[in-house]
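Below is one structure; the comments refer to it alone.
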Amino acid sequence: MSPDRLLFLLPLVPLLAAVVAFVAPGWSRRAGLAAATAMPPLALWTAMGVLESGMLSLPLGGWTAPLGIALRADGLSAVMVLAVAVVGFFISLHAAASFPGAGVQTHRERFFWPLWLLLLAGLNALFVSGDVFNLYVCLEITGIAAVSLVATAGSPDAIRAALRYLFVSLSGSLFYLMGVAILYGGTGVLDLVLLVEVVAGDPPAIIACLLMTGGLMMKTALFPMHFWLPPAHSSAPAPVSAALSALVVKGGLYILLRLWFGPFADLVGDGAIQWIGGLGAAAIVWGSWQAIHQPRLKLVVAYSTVAQLGYLFLLFPIAWSAADRTAAFTGGVVLLLSHATAKAAVFLAAGNVLAAVGNDRVPSLCGLSRWLPVSAFAMGLAGVALIGLPPSAGFIGKWLLVVAALEQGQWWWVAVLLLGSVLAAVYIIRLLGPAFVMPDSDQPPNPVSRIAEWTAFALAALSVLLGFVAIWPARLLAASVGSGFSP
Amino acid sequence: MSSSAFVLLGILLSSFATGCAIFFLREGSHRLRTGLNLAGATVKILFVVALLRGVYQGVVYQISFTVAPGVTLALGADANSVFFVTLSSVLWFWTTLYAVGYLEGSPRRSRFFGFFSLCVTATVGIALAANLVTFLVFYELLTISTFPLVVHRGTRKALRAGRVYLAYTVGGGTVLLLAVAWLQSIAGPVAFTERGALGAVVDTHPVQLKILFFLFVAGLGVKSALVPLHGWLPRAMVAPAPVSALLHAVAVVKAGAFGIVRLVYDVYGVETAQQLGVLRPLAILAGVTIVYGSVRALVQDDLKKRLAYSTVSQVSYITLGAAVFGPLATLGGIVHLVHQGIMKITLFFAAGNYAETLGIHRVSEMDGVGRRMPWTTIAFTIGALGMIGVPPLAGFVSKLYIKQGAIAAGEAWVTLVLAVSSLLNAAYFLPILYRAWFLPPPEAWPAERETGRFETHWMLLLPPLFTALMVVLAGVFAESGLSPLAWARIIAGREYGP
């Protein structure tokens, strides 16, 4: 089977597993783990296909665009699909290990697996969608699944956060859909590649661009639309927090990249590009500042997500006028991967702390290195990546962006990037410092599953090791340059 | 894999693999951990010997690895690398032995020795780095791996010191990153090259290069404790004695000083730096640091703090040597890289012995300690006299060449700085020696421990004796072909044009 035909399997496998998990709750865990294990090879296969042929595409039902809809994957899609598969795999393992043992199925787990698998299906579909309406459908699926997952925590706080998240998510999708409708009304085209040819600088297109951008900003929690993120991400169960911060928010960002560097490229001037970068900069400063002052571990980590998303928006102005766009994009993508793995690791480790100590207030971290040495180490390694210290992927990503920005003389972004690192160091050390304090007892109050500890560690180690192989995402991105779909 | 890559990676991995393995050891497996530690240290020395032999026979060592577009990690072995890597691997061996004895019976040893090994990996990485990006990577790795060592005791005071340490080093690292990235955007990726790597850029961007030079100095100055960036060093003294020894003599402070040597000679090139007029301000900065450190050392009663301020002062001799134009000063500065290392490590080993065996932490408690612990005190005395610059010890040789270099370069004020510093060195070291040898010992020591046959545990006694011997030999046989001075002469010879 050629890799082109494989594209529909990416969403289909987790979707089928979701159905199985829903109708046969007794099999949910097995179905979930099976799908999670199948996804990395599928993603790898996709990536190999992209490396070979530059772009994969599969017209569904044999109808080509503009009549039918097409699934497409280029280098950027392949990177995202790989991230979903690998991070999703470890999150699934952690979830399976941290829910109570077989036989005792809680209410929470009953709903977790179907929703989680639906989320994975939605994300995979999003990253291989080739047209703007399909993207809308995927956004909606992931949004609903994510909101419901937050609600599975069941606490009043979580329900409140989930409702707020639902409101933002639905409004975001709605704005986006209105934009799609205007675009379709004006051009009669939905396909991303075809749109590039037909979008002109007329007012309807500009309004569509504004609506879609606004909607996606809400979904991605770009400052100042980030207010829903910290409560939602911090009150969800650990695997859910990890998935939300590591993967879900990247969906909106991905679509924005596709649109701004694709169909809307002629609409977006230098001013708008600097403006969206400015919002990213504000997110970095504000998010880090808030992270420094949060009383609870998971809130610190959630605000750190607000800040780290800001870095990804610096990619817009830095890549826009770069002489070598691929290098700048590689920087952004490596940073994205670093954040996906590191943030998932920290949230999973935070879940372990919560399970061991019973609360996640920052002073409770005292003695962590003795009680949960593996989780503490995971937090340390992931912290290195989040700060952007070498040799982690976070460093390589920042380095590429810094060099690209300096080469164009956009020194103000350099200042923001470096300031962000320093602020990140402050909140990471605030968490890690107490971990070195000697506890009174040798054992934590509650035992923690070893698998739960090592999954966090594996993700953290990945976030560092990726720094040594940043050339791989670079190759994937370079493979599909000029294929018409790629930014 | 070629034998060149094998040797270079071997030097790096011998401690990296050891460190990773030690993290997974249970606290109780004392013998296995000690065995691994010493085996790793020995294997590293063997690899370094192989490297020395190869370099002597003219083998070119080079290995590189592209991690991202435009980012290449490269290791190599030029004269400077070989010099520093030899120093750090030899001293690591003795520090490891010392640390095993020092930490016997204390908790969390696996974590300690794991990070200890990573710290040395970072140091040899700094030594072997062949381009600026690689240097930066290992430089930051050093920050990360030393933080857990500084806060090892887990007390409030240690945590506070750790935070201060990180605030300084992460700040310095960020400035360094900016400098490296900025230079790369002007001149492309910079590989270390004897007599300078900037080429034509010097003529096109002179102003930016001047600014960049001081940005580099600010970034590197934190670790090398240039005033006013030295504040973290005395506070980091809460760490266990082997860590202080390592920090001061081999790893952190030395890495900063080595970075400045690299900056002046192998990035800018000393002739270019002179032409840009950036050496004089650097020399003044170093001179101020030398005098300031000595003055502060004078008033410290805490022995380790006194030694810490003494480090602030002594390490800047290296910077001073690099900042005075001319082969003689270069020679003195570079040879001090090794000389300061062996003298300071001796002093810290001895200070650790006093604390561990008798509970002595303050200078005022040292009355008559020479009678109770003669061998340790002999080592301390040699180290202290070397620091003052008494002939024929190692410190004398360094100071002599820097002084001659300064006179040759017409910088007469430098000789004044050196004279004042020597006087101050004598003023804060001689009273200690007087107390230790000539005053009567107290009725009871603050906290004496049972030590068995020798005056203290043999693992604590052997390292200072060995390094003290090196201080004597490096001075007495300075003119022989195998001395640090001979090697420094080769380096100095290559950094100046015909």
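Going through the structure tokens in order, the chains are called A, B, and so on, while each chain numbers its residues from 1 and the ligands are numbered from 1 in the order shown.
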
Self-check item: Distance query range 292-302 of chain B at most 7 Å, only C-alpha atoms, self and fewer than 5 positions along chain excluded, as a ChimeraX atom specification
Solution: /B:309-310,312-313,361-364,421,424-425,428

Quiz prompt | Spatial neighbours of Phe349 in chain B, max dist 10 Å, only C-alpha atoms, sep filter under 5 positions, as a count of residues only | solution = 23

Self-check item: At most 6 Å to chain B: residues in chain A, only C-alpha atoms, as number ranges by chain
Solution: A: 390-391, 403, 407, 436-438, 468-471

Any chance you could export the current selection's N, CA and C atoms as a PDB file, in the first residue's frame?
```pdb
ATOM      1  N   PRO A 390      20.930  24.488  26.417  1.00  0.00           N
ATOM      2  CA  PRO A 390      21.485  23.402  25.636  1.00  0.00           C
ATOM      3  C   PRO A 390      21.677  22.174  26.508  1.00  0.00           C
ATOM      4  N   PRO A 391      21.698  20.981  25.986  1.00  0.00           N
ATOM      5  CA  PRO A 391      21.584  20.676  24.551  1.00  0.00           C
ATOM      6  C   PRO A 391      20.165  20.345  24.137  1.00  0.00           C
ATOM      7  N   VAL A 403      19.056  33.457  15.635  1.00  0.00           N
ATOM      8  CA  VAL A 403      19.969  33.750  14.518  1.00  0.00           C
ATOM      9  C   VAL A 403      19.201  34.319  13.333  1.00  0.00           C
ATOM     10  N   GLU A 407      19.782  38.027  11.774  1.00  0.00           N
ATOM     11  CA  GLU A 407      20.206  38.209  10.387  1.00  0.00           C
ATOM     12  C   GLU A 407      19.354  39.254   9.669  1.00  0.00           C
ATOM     13  N   PHE A 436      15.038  19.653  46.203  1.00  0.00           N
ATOM     14  CA  PHE A 436      16.304  19.187  46.767  1.00  0.00           C
ATOM     15  C   PHE A 436      16.308  19.171  48.290  1.00  0.00           C
ATOM     16  N   VAL A 437      15.252  19.722  48.876  1.00  0.00           N
ATOM     17  CA  VAL A 437      15.191  19.713  50.337  1.00  0.00           C
ATOM     18  C   VAL A 437      15.007  18.281  50.820  1.00  0.00           C
ATOM     19  N   MET A 438      15.635  17.993  51.933  1.00  0.00           N
ATOM     20  CA  MET A 438      15.583  16.639  52.482  1.00  0.00           C
ATOM     21  C   MET A 438      14.255  16.418  53.219  1.00  0.00           C
ATOM     22  N   PHE A 468      19.434  16.879  19.528  1.00  0.00           N
ATOM     23  CA  PHE A 468      20.540  16.317  18.750  1.00  0.00           C
ATOM     24  C   PHE A 468      20.109  15.907  17.342  1.00  0.00           C
ATOM     25  N   VAL A 469      18.802  15.780  17.149  1.00  0.00           N
ATOM     26  CA  VAL A 469      18.341  15.310  15.840  1.00  0.00           C
ATOM     27  C   VAL A 469      17.391  16.315  15.211  1.00  0.00           C
ATOM     28  N   ALA A 470      17.593  17.599  15.556  1.00  0.00           N
ATOM     29  CA  ALA A 470      16.721  18.628  14.995  1.00  0.00           C
ATOM     30  C   ALA A 470      16.839  18.668  13.477  1.00  0.00           C
ATOM     31  N   ILE A 471      17.831  17.986  12.950  1.00  0.00           N
ATOM     32  CA  ILE A 471      17.994  17.956  11.494  1.00  0.00           C
ATOM     33  C   ILE A 471      16.868  17.154  10.843  1.00  0.00           C
TER      34      ILE A 471
END
```

Exercise. Excluding range 332-344 of chain A and residues on its chain fewer than 5 positions from it, collect all residues at most 7 Å away from it, counting only C-alpha atoms, and give them as a list in words.
Key: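 The contact residues come out as Ala83, Val87, Ala242, Ala243, Ser245, Ala246, Leu247, Leu312, Leu315, Ala382, Ala385, Leu386, Ala393, Gly394, Gly397, Lys398, Leu459, Ala460, Leu462, Ser463 and Ala470 of chain A.
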
Selection export as a PDB file, in the first residue's frame, atoms kept: N, CA, C and O atoms:
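The new file again_25.pdb reads:
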```pdb
ATOM      1  N   ALA A  83       4.277  14.097  16.346  1.00  0.00           N
ATOM      2  CA  ALA A  83       4.192  14.592  17.722  1.00  0.00           C
ATOM      3  C   ALA A  83       2.962  14.015  18.411  1.00  0.00           C
ATOM      4  O   ALA A  83       3.042  13.535  19.550  1.00  0.00           O
ATOM      5  N   VAL A  87       3.698  11.640  21.640  1.00  0.00           N
ATOM      6  CA  VAL A  87       3.227  12.173  22.914  1.00  0.00           C
ATOM      7  C   VAL A  87       1.962  11.431  23.347  1.00  0.00           C
ATOM      8  O   VAL A  87       1.795  11.066  24.513  1.00  0.00           O
ATOM      9  N   ALA A 242      -1.857  17.185  30.134  1.00  0.00           N
ATOM     10  CA  ALA A 242      -0.705  16.988  29.258  1.00  0.00           C
ATOM     11  C   ALA A 242      -1.133  17.083  27.804  1.00  0.00           C
ATOM     12  O   ALA A 242      -0.509  17.786  27.004  1.00  0.00           O
ATOM     13  N   ALA A 243      -2.220  16.402  27.455  1.00  0.00           N
ATOM     14  CA  ALA A 243      -2.661  16.399  26.067  1.00  0.00           C
ATOM     15  C   ALA A 243      -3.098  17.795  25.625  1.00  0.00           C
ATOM     16  O   ALA A 243      -2.777  18.237  24.525  1.00  0.00           O
ATOM     17  N   SER A 245      -2.204  20.813  26.784  1.00  0.00           N
ATOM     18  CA  SER A 245      -1.108  21.773  26.640  1.00  0.00           C
ATOM     19  C   SER A 245      -0.158  21.373  25.528  1.00  0.00           C
ATOM     20  O   SER A 245       0.360  22.212  24.809  1.00  0.00           O
ATOM     21  N   ALA A 246       0.091  20.068  25.427  1.00  0.00           N
ATOM     22  CA  ALA A 246       1.107  19.625  24.476  1.00  0.00           C
ATOM     23  C   ALA A 246       0.562  19.633  23.056  1.00  0.00           C
ATOM     24  O   ALA A 246       1.280  19.979  22.124  1.00  0.00           O
ATOM     25  N   LEU A 247      -0.691  19.210  22.865  1.00  0.00           N
ATOM     26  CA  LEU A 247      -1.167  18.952  21.512  1.00  0.00           C
ATOM     27  C   LEU A 247      -2.324  19.848  21.066  1.00  0.00           C
ATOM     28  O   LEU A 247      -2.274  20.438  19.991  1.00  0.00           O
ATOM     29  N   LEU A 312       5.877  30.548  19.792  1.00  0.00           N
ATOM     30  CA  LEU A 312       5.510  30.015  18.485  1.00  0.00           C
ATOM     31  C   LEU A 312       4.930  31.119  17.596  1.00  0.00           C
ATOM     32  O   LEU A 312       5.006  31.032  16.376  1.00  0.00           O
ATOM     33  N   LEU A 315       7.415  33.112  15.580  1.00  0.00           N
ATOM     34  CA  LEU A 315       7.785  32.506  14.302  1.00  0.00           C
ATOM     35  C   LEU A 315       7.222  33.318  13.130  1.00  0.00           C
ATOM     36  O   LEU A 315       7.868  33.440  12.097  1.00  0.00           O
ATOM     37  N   ALA A 382      12.810  18.343  31.650  1.00  0.00           N
ATOM     38  CA  ALA A 382      11.820  19.108  30.891  1.00  0.00           C
ATOM     39  C   ALA A 382      12.016  20.596  31.152  1.00  0.00           C
ATOM     40  O   ALA A 382      11.850  21.419  30.247  1.00  0.00           O
ATOM     41  N   ALA A 385      14.517  21.982  28.912  1.00  0.00           N
ATOM     42  CA  ALA A 385      13.990  22.224  27.567  1.00  0.00           C
ATOM     43  C   ALA A 385      13.094  23.458  27.544  1.00  0.00           C
ATOM     44  O   ALA A 385      13.118  24.229  26.583  1.00  0.00           O
ATOM     45  N   LEU A 386      12.311  23.648  28.599  1.00  0.00           N
ATOM     46  CA  LEU A 386      11.403  24.797  28.606  1.00  0.00           C
ATOM     47  C   LEU A 386      12.167  26.107  28.709  1.00  0.00           C
ATOM     48  O   LEU A 386      11.805  27.105  28.098  1.00  0.00           O
ATOM     49  N   ALA A 393      16.131  20.399  22.826  1.00  0.00           N
ATOM     50  CA  ALA A 393      15.497  20.872  21.607  1.00  0.00           C
ATOM     51  C   ALA A 393      15.042  22.322  21.777  1.00  0.00           C
ATOM     52  O   ALA A 393      15.041  23.093  20.826  1.00  0.00           O
ATOM     53  N   GLY A 394      14.661  22.682  23.011  1.00  0.00           N
ATOM     54  CA  GLY A 394      14.245  24.059  23.253  1.00  0.00           C
ATOM     55  C   GLY A 394      15.356  25.032  22.891  1.00  0.00           C
ATOM     56  O   GLY A 394      15.113  26.103  22.330  1.00  0.00           O
ATOM     57  N   GLY A 397      15.762  25.211  18.991  1.00  0.00           N
ATOM     58  CA  GLY A 397      14.673  25.985  18.404  1.00  0.00           C
ATOM     59  C   GLY A 397      14.894  27.475  18.601  1.00  0.00           C
ATOM     60  O   GLY A 397      14.820  28.272  17.662  1.00  0.00           O
ATOM     61  N   LYS A 398      15.210  27.845  19.843  1.00  0.00           N
ATOM     62  CA  LYS A 398      15.419  29.265  20.127  1.00  0.00           C
ATOM     63  C   LYS A 398      16.613  29.806  19.364  1.00  0.00           C
ATOM     64  O   LYS A 398      16.589  30.915  18.835  1.00  0.00           O
ATOM     65  N   LEU A 459       9.233  11.207  28.165  1.00  0.00           N
ATOM     66  CA  LEU A 459       8.905  12.409  27.402  1.00  0.00           C
ATOM     67  C   LEU A 459       9.933  13.509  27.650  1.00  0.00           C
ATOM     68  O   LEU A 459      10.350  14.217  26.721  1.00  0.00           O
ATOM     69  N   ALA A 460      10.353  13.643  28.912  1.00  0.00           N
ATOM     70  CA  ALA A 460      11.347  14.676  29.228  1.00  0.00           C
ATOM     71  C   ALA A 460      12.658  14.389  28.520  1.00  0.00           C
ATOM     72  O   ALA A 460      13.288  15.289  27.954  1.00  0.00           O
ATOM     73  N   LEU A 462      13.021  12.780  25.804  1.00  0.00           N
ATOM     74  CA  LEU A 462      12.820  13.087  24.381  1.00  0.00           C
ATOM     75  C   LEU A 462      13.016  14.574  24.111  1.00  0.00           C
ATOM     76  O   LEU A 462      13.618  14.955  23.105  1.00  0.00           O
ATOM     77  N   SER A 463      12.502  15.411  25.029  1.00  0.00           N
ATOM     78  CA  SER A 463      12.588  16.847  24.769  1.00  0.00           C
ATOM     79  C   SER A 463      14.038  17.305  24.743  1.00  0.00           C
ATOM     80  O   SER A 463      14.366  18.290  24.100  1.00  0.00           O
ATOM     81  N   ALA A 470      17.593  17.599  15.556  1.00  0.00           N
ATOM     82  CA  ALA A 470      16.721  18.628  14.995  1.00  0.00           C
ATOM     83  C   ALA A 470      16.839  18.668  13.477  1.00  0.00           C
ATOM     84  O   ALA A 470      16.028  19.287  12.801  1.00  0.00           O
TER      85      ALA A 470
END
```

Self-check item: DSSP alpha helix (DSSP H) residues within range 71-277 of chain A, as a PyMOL selection string
Solution: chain A and resi 75-98+107-127+132-151+156-187+192-198+203-220+229-235+238-243+249-260+270-277

Quiz prompt | Atom-to-atom span, CA of Ser89 in chain B and CA of Val120 in chain B, Å | solution = 8.0 Å

Practice problem: Please provide the set of residues having any atom within 10 Å of Met218 in chain A, restricted to only C-alpha atoms, with same-chain residues fewer than 2 positions apart removed, written as a ChimeraX atom specification. | Solution: /A:165,168-173,175,213-216,220-229,249,252

Quiz item: Could you pull the residues within 10 Å of Leu8 in chain B, counting only C-alpha atoms, minus those fewer than 4 positions along the same chain, as number ranges by chain?
Solution: B: 3-4, 12-13, 47-48, 50-51, 61-63, 75-77, 124-125, 128

Residues as selected, N, CA, C and O atoms, written as a PDB file, in the first residue's frame, can you do that?
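Now in result25.pdb:
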```
ATOM      1  N   SER B   3      39.858   6.362  14.548  1.00  0.00           N
ATOM      2  CA  SER B   3      40.450   6.364  15.885  1.00  0.00           C
ATOM      3  C   SER B   3      40.421   7.764  16.478  1.00  0.00           C
ATOM      4  O   SER B   3      40.359   7.946  17.691  1.00  0.00           O
ATOM      5  N   SER B   4      40.433   8.777  15.615  1.00  0.00           N
ATOM      6  CA  SER B   4      40.372  10.158  16.091  1.00  0.00           C
ATOM      7  C   SER B   4      39.059  10.416  16.825  1.00  0.00           C
ATOM      8  O   SER B   4      39.027  10.932  17.942  1.00  0.00           O
ATOM      9  N   LEU B  12      35.002  12.161  26.352  1.00  0.00           N
ATOM     10  CA  LEU B  12      33.726  12.729  26.763  1.00  0.00           C
ATOM     11  C   LEU B  12      32.856  11.685  27.459  1.00  0.00           C
ATOM     12  O   LEU B  12      32.279  11.927  28.520  1.00  0.00           O
ATOM     13  N   LEU B  13      32.770  10.503  26.854  1.00  0.00           N
ATOM     14  CA  LEU B  13      31.810   9.520  27.339  1.00  0.00           C
ATOM     15  C   LEU B  13      32.290   8.787  28.583  1.00  0.00           C
ATOM     16  O   LEU B  13      31.474   8.249  29.334  1.00  0.00           O
ATOM     17  N   PHE B  47      42.510   7.791  27.950  1.00  0.00           N
ATOM     18  CA  PHE B  47      42.151   8.400  26.668  1.00  0.00           C
ATOM     19  C   PHE B  47      42.933   9.693  26.449  1.00  0.00           C
ATOM     20  O   PHE B  47      43.378   9.976  25.339  1.00  0.00           O
ATOM     21  N   VAL B  48      43.105  10.467  27.527  1.00  0.00           N
ATOM     22  CA  VAL B  48      43.836  11.725  27.376  1.00  0.00           C
ATOM     23  C   VAL B  48      45.291  11.444  27.019  1.00  0.00           C
ATOM     24  O   VAL B  48      45.892  12.133  26.187  1.00  0.00           O
ATOM     25  N   ALA B  50      46.320   8.880  25.340  1.00  0.00           N
ATOM     26  CA  ALA B  50      46.300   8.526  23.920  1.00  0.00           C
ATOM     27  C   ALA B  50      46.231   9.779  23.056  1.00  0.00           C
ATOM     28  O   ALA B  50      46.919   9.893  22.034  1.00  0.00           O
ATOM     29  N   LEU B  51      45.423  10.739  23.504  1.00  0.00           N
ATOM     30  CA  LEU B  51      45.282  11.991  22.760  1.00  0.00           C
ATOM     31  C   LEU B  51      46.609  12.741  22.703  1.00  0.00           C
ATOM     32  O   LEU B  51      47.047  13.201  21.652  1.00  0.00           O
ATOM     33  N   TYR B  61      42.943  15.678  15.319  1.00  0.00           N
ATOM     34  CA  TYR B  61      41.698  15.155  15.869  1.00  0.00           C
ATOM     35  C   TYR B  61      40.560  16.098  15.548  1.00  0.00           C
ATOM     36  O   TYR B  61      40.614  17.278  15.882  1.00  0.00           O
ATOM     37  N   GLN B  62      39.542  15.552  14.903  1.00  0.00           N
ATOM     38  CA  GLN B  62      38.420  16.404  14.529  1.00  0.00           C
ATOM     39  C   GLN B  62      37.194  15.529  14.329  1.00  0.00           C
ATOM     40  O   GLN B  62      37.285  14.469  13.716  1.00  0.00           O
ATOM     41  N   ILE B  63      36.087  15.950  14.874  1.00  0.00           N
ATOM     42  CA  ILE B  63      34.856  15.206  14.650  1.00  0.00           C
ATOM     43  C   ILE B  63      33.717  16.210  14.725  1.00  0.00           C
ATOM     44  O   ILE B  63      33.725  17.110  15.556  1.00  0.00           O
ATOM     45  N   LEU B  75      34.072  18.713  17.838  1.00  0.00           N
ATOM     46  CA  LEU B  75      35.127  18.546  18.835  1.00  0.00           C
ATOM     47  C   LEU B  75      36.449  18.483  18.111  1.00  0.00           C
ATOM     48  O   LEU B  75      36.539  17.990  16.984  1.00  0.00           O
ATOM     49  N   GLY B  76      37.475  18.977  18.776  1.00  0.00           N
ATOM     50  CA  GLY B  76      38.788  18.911  18.174  1.00  0.00           C
ATOM     51  C   GLY B  76      39.821  18.982  19.281  1.00  0.00           C
ATOM     52  O   GLY B  76      39.477  19.107  20.455  1.00  0.00           O
ATOM     53  N   ALA B  77      41.088  18.886  18.920  1.00  0.00           N
ATOM     54  CA  ALA B  77      42.125  18.965  19.938  1.00  0.00           C
ATOM     55  C   ALA B  77      43.248  19.854  19.441  1.00  0.00           C
ATOM     56  O   ALA B  77      44.198  19.389  18.832  1.00  0.00           O
ATOM     57  N   VAL B 124      35.280  18.822  30.166  1.00  0.00           N
ATOM     58  CA  VAL B 124      36.125  18.357  29.053  1.00  0.00           C
ATOM     59  C   VAL B 124      35.480  18.728  27.718  1.00  0.00           C
ATOM     60  O   VAL B 124      36.184  18.959  26.733  1.00  0.00           O
ATOM     61  N   GLY B 125      34.143  18.814  27.710  1.00  0.00           N
ATOM     62  CA  GLY B 125      33.474  19.270  26.490  1.00  0.00           C
ATOM     63  C   GLY B 125      33.881  20.692  26.152  1.00  0.00           C
ATOM     64  O   GLY B 125      34.160  21.015  24.999  1.00  0.00           O
ATOM     65  N   LEU B 128      37.333  20.586  24.702  1.00  0.00           N
ATOM     66  CA  LEU B 128      37.480  20.011  23.369  1.00  0.00           C
ATOM     67  C   LEU B 128      36.626  20.709  22.313  1.00  0.00           C
ATOM     68  O   LEU B 128      36.773  20.424  21.122  1.00  0.00           O
TER      69      LEU B 128
END
```

Quiz prompt | Given only C-alpha atoms as the counted atoms, nearest of B:Lys254, B:Arg453, B:Lys399, B:Arg53 to Leu337 in chain B | solution =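 That would be B:Lys254, the residue with the smallest distance to Leu337 in chain B.
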
Quiz item: So which residues touch Ala424 in chain A within 10 Å, counting only C-alpha atoms, skipping near sequence neighbours fewer than 4 positions away, as number ranges by chain?
Solution: A: 284-285, 287-289, 291-292, 304, 307-308, 383-384, 386-388, 418-420, 428-430
